[in-house]
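Following: one structure in structure tokens, then a few remarks.
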4 protein chains.
Amino acid sequence: MILQLKPNPEEADLAGLLEYLTKEQIAHHFLKPLQVVVLPKFKNERSFSSFPVIQKIYPIDTPYQLASKAYQEKTIVTVNDVSVGDGLFNIMAGPCSVENEEQIFKTAEFLSKQGVKFLRGGAYKPRTSPYSFRGLETEGLKLLRKAADTYNMRVVTEILDLSLLDEVMGYADVLQVGSRNMHNFYLLHELGKINKPVLLKRGFQGKVVEWLLAAEYILSGGNGNIILCERGIRSFDPSSRNILDLGVVPLIRELSHLPIIIDPSHGTGTASRVIPSSLAAAAIGADGILVEVHPEPAKALSDSEQAISFSQFSQLIEQIKPVVKVTGKQSDIEKVILKTGSL
Amino acid sequence: MILQLKPNPEEADLAGLLEYLTKEQIAHHFLKPLQVVVLPKFKNERSFSSFPVIQKIYPIDTPYQLASKAYQEKTIVTVNDVSVGDGLFNIMAGPCSVENEEQIFKTAEFLSKQGVKFLRGGAYKPRTSPYSFRGLETEGLKLLRKAADTYNMRVVTEILDLSLLDEVMGYADVLQVGSRNMHNFYLLHELGKINKPVLLKRGFQGKVVEWLLAAEYILSGGNGNIILCERGIRSFDPSSRNILDLGVVPLIRELSHLPIIIDPSHGTGTASRVIPSSLAAAAIGADGILVEVHPEPAKALSDSEQAISFSQFSQLIEQIKPVVKVTGKQSDIEKVILKTGSL
Amino acid sequence: MILQLKPNPEEADLAGLLEYLTKEQIAHHFLKPLQVVVLPKFKNERSFSSFPVIQKIYPIDTPYQLASKAYQEKTIVTVNDVSVGDGLFNIMAGPCSVENEEQIFKTAEFLSKQGVKFLRGGAYKPRTSPYSFRGLETEGLKLLRKAADTYNMRVVTEILDLSLLDEVMGYADVLQVGSRNMHNFYLLHELGKINKPVLLKRGFQGKVVEWLLAAEYILSGGNGNIILCERGIRSFDPSSRNILDLGVVPLIRELSHLPIIIDPSHGTGTASRVIPSSLAAAAIGADGILVEVHPEPAKALSDSEQAISFSQFSQLIEQIKPVVKVTGKQSDIEKVILKTGSL
Amino acid sequence: MILQLKPNPEEADLAGLLEYLTKEQIAHHFLKPLQVVVLPKFKNERSFSSFPVIQKIYPIDTPYQLASKAYQEKTIVTVNDVSVGDGLFNIMAGPCSVENEEQIFKTAEFLSKQGVKFLRGGAYKPRTSPYSFRGLETEGLKLLRKAADTYNMRVVTEILDLSLLDEVMGYADVLQVGSRNMHNFYLLHELGKINKPVLLKRGFQGKVVEWLLAAEYILSGGNGNIILCERGIRSFDPSSRNILDLGVVPLIRELSHLPIIIDPSHGTGTASRVIPSSLAAAAIGADGILVEVHPEPAKALSDSEQAISFSQFSQLIEQIKPVVKVTGKQSDIEKVILKTGSL
């Protein structure tokens with residue numbers, strides 16, 4: 001249950017409520033930035049009608065509270081004048097890793113000409129083997145920012161570790177939490193305090209309730225700018241790298257107000273399946289896609305099997321437009337953003 | 001590897017080949033109805049050029065052979081003048097179980113008015129508990145057939161056990177192999193000998209290679225009329241009944257020539273997610289869908305949570321038509337079948 | 001809930017109860033052979049105290065009823081004077097498939113000298129590929145029986161399909177339901193009517209509740225002689241063929257009265273892990289093991305990677321005896337069975 | 001492949017080797033602290049015989065190299081005079097979370113009287129919900145250290161985030177990497193630089209190869225003191241919190257030299273299954289167990305369902321001793337450590 005407090009409550013009124021909850025041994029969390037008191041396990045709303053400090057009571061019986069659709073109808077995340085979750089279908093694209101200046105500039109130039117407004121790219125990469133390429137690190141962040149600024153794009157990049165937060169905040173427009181960090185509660189907690197949007201990938205073995213609780217960590221800190229991203233879950237079948245759980249889109253729509261996009265690159269692990277999966281993502285009602293694109297996929301230093309080429313990307317755009325259209329949305333690449341903010 | 005034999009080979013030539021294979025201890029299977037010799041583990045094609053009985057050699061290095069795209073480009077299954085896998089998007093619908101005459105006739109009437117040409121319905125039901133409704137059995141088959149004949153539809157129904165094969169053959173146009181029977185090799189073997197199409201559901205924990213080997217059982221018996229059907233796989237997340245593996249559609253397209261349809265009802269387990277999942281199935285390139293429809297879903301004796309109502313079905317049709325169209329296909333419900341065969 | 005009826009109830013009394021249940025729309029199943037009425041969804045025991053036909057009421061709120069520990073404390077299955085579930089640790093062994101007379105006789109001779117009382121062996125084999133060896137069929141059954149009779153052993157063999165039931169009944173002492181058939185409800189239903197013990201393997205994708213419901217199918221038909229067998233479940237990790245879920249032993253002990261044994265051969269898929277897994281099976285309290293043994297594992301026609309050799313089996317016996325002893329059980333191979341029944 | 005260099009190589013010789021590898025485009029990693037060059041993808045050992053700087057060549061064709069049994073036969077980790085992996089069966093125990101002074105002292109006193117030498121306890125807790133108790137943090141670390149020092153025990157506690165490393169290093173004897181952090185490569189990399197043992201839990205979704213690569217991150221930094229810990233993996237069956245993969249013990253023995261212990265508390269999620277699972281862990285050859293013990297399990301602030309009571313722990317000790325004995329090991333609680341080191 002969530003108790004929404006009145007805008008500027010009397011301090012004594014608030015204290016009265018909190019004392020009552022403590023006395024009655026009702027677990028509660030006063031979230032000052034949001035002016036709400038969350039009672040994560042309480043289900044009976046009647047007893048609070050007499051407290052003058054309460055403006056509205058939201059009866060919610062899921063473990064996640066602020067992430068629930070019962071608390072909020074819709075969230076629109078705005079990234080420098082481009083909105084996510086607002087009826088647009090957002091196309092975010094770029095290489096898995098930033099590899100060098102030529103690669104990222106070539107990609108950004110190509111994508112911006114196609115109308116793409118979000119440039120994704122990894123500077124710090126989570127790699128299963130210590131002997132794999134781990135990214136250009138700071139140099140990668142700088143190149144990414146420079147390319148994005150040159151072509152008027154927004155930067156989406158991963159925050160791999162809390163110790164890198166200040167650095168990444170200096171370059172990114174959207175901070176991506178990778179699949180392996182969906183369970184990194186210490187990091188999520190800190191992301192609740194920043195003022196930039198977070199793209200929260202689902203853990204490859206994350207239950208939906210755990211995913212929304214990961215979002216709850218960020219929401220409860222006061223940061224409501226969250227974009228969920230399904231990227232495939234691990235299954236018993238080695239025939240694909242992951243199982244892309246597209247059915248999670250209508251499920252999230254029922255449970256939460258947060259926008260949700262699809263990553264068909266990790267979701268399938270194979271370039272040839274990226275286009276059909278993207279069309280399906282649009283048809284099932286996702287708010288967008290996050291796609292790995294590389295000038296020369298075969299030479300990519302990471303994820304070379306799933307990155308698509310420029311010509312495949314053009315083909316994707318051509319094919320996805322009519323599908324987006326019949327779902328009643330508009331692709332963000334077709335929208336002209338007149339006033340574009342800067343970092 | 002598959003050795004395709006010449007149409008009417010000299011007996012001595014054939015014997016020569018088989019003796020050679022035996023002598024060389026190369027595992028081989030002569031499939032008389034298909035006039036092929038399958039060498040399931042052999043990978044070197046050179047040694048057979050001198051055998052006059054061989055018309056063509058197909059080098060195939062997957063465990064499945066006849067199901068491989070390397071052997072055949074495309075399979076079109078025809079069910080009484082309606083084709084599956086031929087560029088149409090087939091919509092098969094009906095209740096989980098046939099419950100009584102009124103229910104199945106009402107459903108068939110409604111569906112046929114919408115243009116639906118395949119009536120699905122269960123007469124023998126696999127139920128996890130011995131205390132659940134197990135179907136009307138023979139009576140159910142009769143009602144299903146009668147309803148289909150009345151409204152000029154084709155019957156899709158499950159063959160639950162080999163002992164029921166003769167009976168089901170008397171009523172069905174398409175024999176459905178349920179998810180739990182994908183591993184029932186004894187049944188699959190017998191289905192290779194019949195002359196009716198088989199709708200082969202993927203096991204809820206079936207790997208793709210196992211699914212294609214299940215098809216291989218049927219194909220190797222001489223029955224090439226197989227429609228694959230993805231119906232959701234079991235995962236670690238209890239938030240949906242199953243994970244609908246839509247990404248398997250482009251994967252199957254790469255591996256096999258068999259048509260593939262989607263069952264969004266079992267795949268999601270929830271009526272509200274059937275429509276969006278159906279749209280995604282169309283967008284990702286499936287050959288059709290198999291949907292549970294019930295006059296009064298809340299009163300259904302089985303699968304009541306996932307059956308959609310008549311009005312939801314109408315809404316599905318309306319929404320899916322433009323998606324099918326942009327994929328370059330045509331929905332079979334919009335196609336008039338002039339000459340319709342009878343059972 | 002289970003209503004246990006009095007031994008020879010008045011017909012009118014019984015009718016009165018059943019009419020009442022029907023009238024009140026309480027789902028119920030009168031199982032005549034057991035003289036019980038099962039109310040699978042009913043949870044309130046109070047209302048039945050006035051019915052004279054009822055001897056005892058068992059409040060049970062799991063989907064399975066007769067399989068529940070709340071209904072029965074313990075089941076001891078006796079196979080020709082050797083008991084399973086009676087404080088002994090049973091060791092069942094033999095080849096995956098019966099391959100020829102020499103192989104099965106050699107194995108039976110060796111095992112019987114070690115004291116082994118159960119000879120396992122497959123005559124009809126479920127194989128993922130239609131091109132794999134499917135067993136010697138009837139010939140295999142005959143050899144198995146002959147070898148067992150020669151060496152005074154009991155035959156455990158798989159009932160692959162209902163159509164083979166009469167045949168297998170003629171040769172087997174224990175009918176094994178394979179992992180893929182745990183969901184074959186039509187077969188399970190018929191096994192409820194036979195008078196021989198059933199060894200019910202867990203589906204590699206079977207939830208515990210589904211496994212106990214599979215047992216319930218057999219129990220509700222009147223056959224209470226069931227031995228559960230855990231044989232590994234499918235996971236996301238290809239590093240072993242299966243994950244042997246040993247923790248299911250204490251779980252089953254809490255939920256059910258049925259004896260449970262472990263198959264470490266399929267459970268690990270690798271000969272070198274069979275011995276340590278067997279020791280763990282004994283330590284965790286299983287009622288026995290079912291092990292694949294072959295005179296020459298490398299030449300086995302099926303499962304060659306997981307079969308252990310005679311010398312490995314001797315080593316297993318030597319190592320497992322002290323483990324069995326410290327758990328307070330006795331190995332059945334050390335027990336002399338004076339009067340041994342014949343088929 | 002690993003190239004072990006001679007103890008104090010000539011700089012020019014080393015440079016010659018590295019230049020050759022670079023020129024030949026052979027991916028290589030010179031690990032200075034270990035004096036090895038790792039060629040993670042190279043499989044042909046012949047070409048290096050002429051380089052004088054190389055002492056020994058280890059041909060290894062798994063993705064992990066230093067963690068491979070082909071590189072090292074056995075690792076013994078010593079924690080203040082108590083060894084792990086040295087033929088002892090180590091019993092590590094304590095509460096999930098340190099809750100207050102009384103709780104942790106009472107537990108430490110009880111455990112030390114039983115002979116237990118490792119006190120586990122959480123100060124920073126990873127919790128799925130932001131509204132759950134997250135530990136006493138610094139205060140918890142202090143209490144844990146004080147209790148351990150008072151009762152002459154070693155502290156095992158979790159390093160939740162890299163930002164806490166300095167702090168945790170000040171209190172812990174063994175740093176535990178939790179299941180969710182097995183994929184936290186940034187943290188693992190830093191743990192390679194410390195001089196304290198790391199207890200590396202398997203991710204609940206971690207493949208064995210990924211687990212050993214996680215160990216490789218630490219090993220390649222120069223820290224060889226790693227204890228693996230299996231704690232259950234996530235499955236499709238909700239009937240237990242996790243599936244305890246005991247079969248991973250013999251598998252790890254084949255693949256790696258690192259010691260491996262079992263956490264039966266998380267592995268089963270239920271107190272009643274902790275004792276039987278512990279016995280199985282001993283029987284299957286694990287090097288020890290890590291058990292959650294609480295003075296009053298029902299009142300525990302975290303994991304109350306799986307913690308065992310003092311009397312259950314005494315029972316565990318009594319039952320496990322004979323099992324450990326028959327496996328040829330000795331329990332570390334029976335061993336008197338004369339000279340005990342201090343922090």
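Chain labels A, B, ... are given in the sequence in which chains occur in the structure tokens; within each chain residues are numbered consecutively from 1, and ligands are likewise numbered from 1 in the order shown.
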
Pick out the residues sitting within 8 Å of Gly87 of chain D, and hand them over as a PyMOL selection string; count only C-alpha atoms, and ignore anything fewer than 3 positions along from it in its own chain.
chain D and resi 84+287+329-330

Hey, what's within 6 Å of Val38 of chain D if we count only C-alpha atoms and toss same-chain stuff fewer than 5 positions away? As number ranges by chain, please?
D: 2, 28-29

For Ile226 of chain B, list every protein, DNA or RNA residue within 12 Å, evaluated using only C-alpha atoms, and leave out those in the same chain fewer than 6 positions away; present the list as a VMD selection string.
chain B and resid 66 to 67 74 to 79 83 to 85 174 to 177 188 191 to 192 194 to 201 211 to 212 214 to 220 256 to 261

Check every residue of chain C for an atom within 7 Å of chain A, counting only C-alpha atoms, and provide those that qualify as a list in words.
Arg234, Ser235 and Phe236 of chain C

Would you mind exporting the chosen residues as an mmCIF file, in the first residue's frame, restricted to all heavy atoms?
data_model
loop_
_atom_site.group_PDB
_atom_site.id
_atom_site.type_symbol
_atom_site.label_atom_id
_atom_site.label_comp_id
_atom_site.auth_asym_id
_atom_site.auth_seq_id
_atom_site.Cartn_x
_atom_site.Cartn_y
_atom_site.Cartn_z
ATOM 1 N N ARG C 234 16.277 -31.188 -16.611
ATOM 2 C CA ARG C 234 16.933 -30.385 -17.642
ATOM 3 C C ARG C 234 17.215 -28.980 -17.104
ATOM 4 O O ARG C 234 16.359 -28.371 -16.475
ATOM 5 C CB ARG C 234 15.991 -30.313 -18.836
ATOM 6 C CG ARG C 234 16.578 -29.677 -20.052
ATOM 7 C CD ARG C 234 15.813 -30.047 -21.296
ATOM 8 N NE ARG C 234 16.321 -31.260 -21.907
ATOM 9 C CZ ARG C 234 15.925 -31.720 -23.101
ATOM 10 N NH1 ARG C 234 15.000 -31.073 -23.777
ATOM 11 N NH2 ARG C 234 16.440 -32.818 -23.591
ATOM 12 N N SER C 235 18.392 -28.471 -17.373
ATOM 13 C CA SER C 235 18.728 -27.131 -16.905
ATOM 14 C C SER C 235 19.326 -26.307 -18.029
ATOM 15 O O SER C 235 19.418 -26.746 -19.170
ATOM 16 C CB SER C 235 19.735 -27.199 -15.766
ATOM 17 O OG SER C 235 21.063 -27.188 -16.270
ATOM 18 N N PHE C 236 19.740 -25.105 -17.676
ATOM 19 C CA PHE C 236 20.335 -24.165 -18.628
ATOM 20 C C PHE C 236 21.811 -24.455 -18.887
ATOM 21 O O PHE C 236 22.425 -23.813 -19.737
ATOM 22 C CB PHE C 236 20.184 -22.745 -18.088
ATOM 23 C CG PHE C 236 20.781 -22.583 -16.713
ATOM 24 C CD1 PHE C 236 22.140 -22.358 -16.564
ATOM 25 C CD2 PHE C 236 20.000 -22.708 -15.571
ATOM 26 C CE1 PHE C 236 22.708 -22.239 -15.312
ATOM 27 C CE2 PHE C 236 20.556 -22.597 -14.311
ATOM 28 C CZ PHE C 236 21.915 -22.357 -14.187
#

Surrounding residues of segment 53-60 of chain D excluding itself and chain neighbours under 6 positions, 6 Å, only C-alpha atoms, as a compact mmCIF listing (two decimals) with N, CA and C atoms, in the first residue's frame:
# COMPACT_ATOMS: atom_id res chain seq x y z
N MET D 1 46.14 -22.40 -23.74
CA MET D 1 47.50 -22.84 -23.42
C MET D 1 48.14 -21.86 -22.44
N ILE D 2 48.92 -22.40 -21.54
CA ILE D 2 49.65 -21.54 -20.61
C ILE D 2 51.14 -21.79 -20.81
N LEU D 3 51.88 -20.70 -20.96
CA LEU D 3 53.33 -20.79 -21.02
C LEU D 3 53.88 -20.33 -19.68
N GLN D 4 54.44 -21.27 -18.94
CA GLN D 4 55.03 -20.92 -17.64
C GLN D 4 56.44 -20.46 -17.90
N LEU D 5 56.78 -19.25 -17.43
CA LEU D 5 58.11 -18.70 -17.68
C LEU D 5 59.09 -19.18 -16.61
N LYS D 6 60.35 -19.09 -16.94
CA LYS D 6 61.37 -19.42 -15.96
C LYS D 6 61.36 -18.37 -14.86
N PRO D 9 63.39 -14.51 -15.65
CA PRO D 9 63.79 -14.56 -17.07
C PRO D 9 64.58 -13.32 -17.46
N ASP D 13 64.60 -12.01 -23.42
CA ASP D 13 63.96 -13.27 -23.77
C ASP D 13 62.45 -13.14 -23.70

Record the distance separating atom CA of Ser97 of chain C and atom CA of Pro126 of chain C, expressed in Å with one decimal.
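Computed distance, atom CA of Ser97 of chain C to atom CA of Pro126 of chain C, equals 10.6 Å.
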
Could you write out, as a ChimeraX atom specification, all the residues of segment 159-287 of chain A that DSSP marks as strand (DSSP E)?
/A:174-177,198-201,226-230,260-262

What is the atom CA of Leu14 of chain B-atom CA of Pro33 of chain B distance in Å, reported with one decimal?
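A separation of 14.2 Å between them.
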
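Coordinates place atom CA of Val155 of chain A at a distance of 20.9 Å from atom CA of Ser278 of chain A.
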
So, counting only C-alpha atoms, which residue among C:Arg145, C:Lys207, C:His294, C:Arg231 is closest to Phe310 of chain C?
C:His294
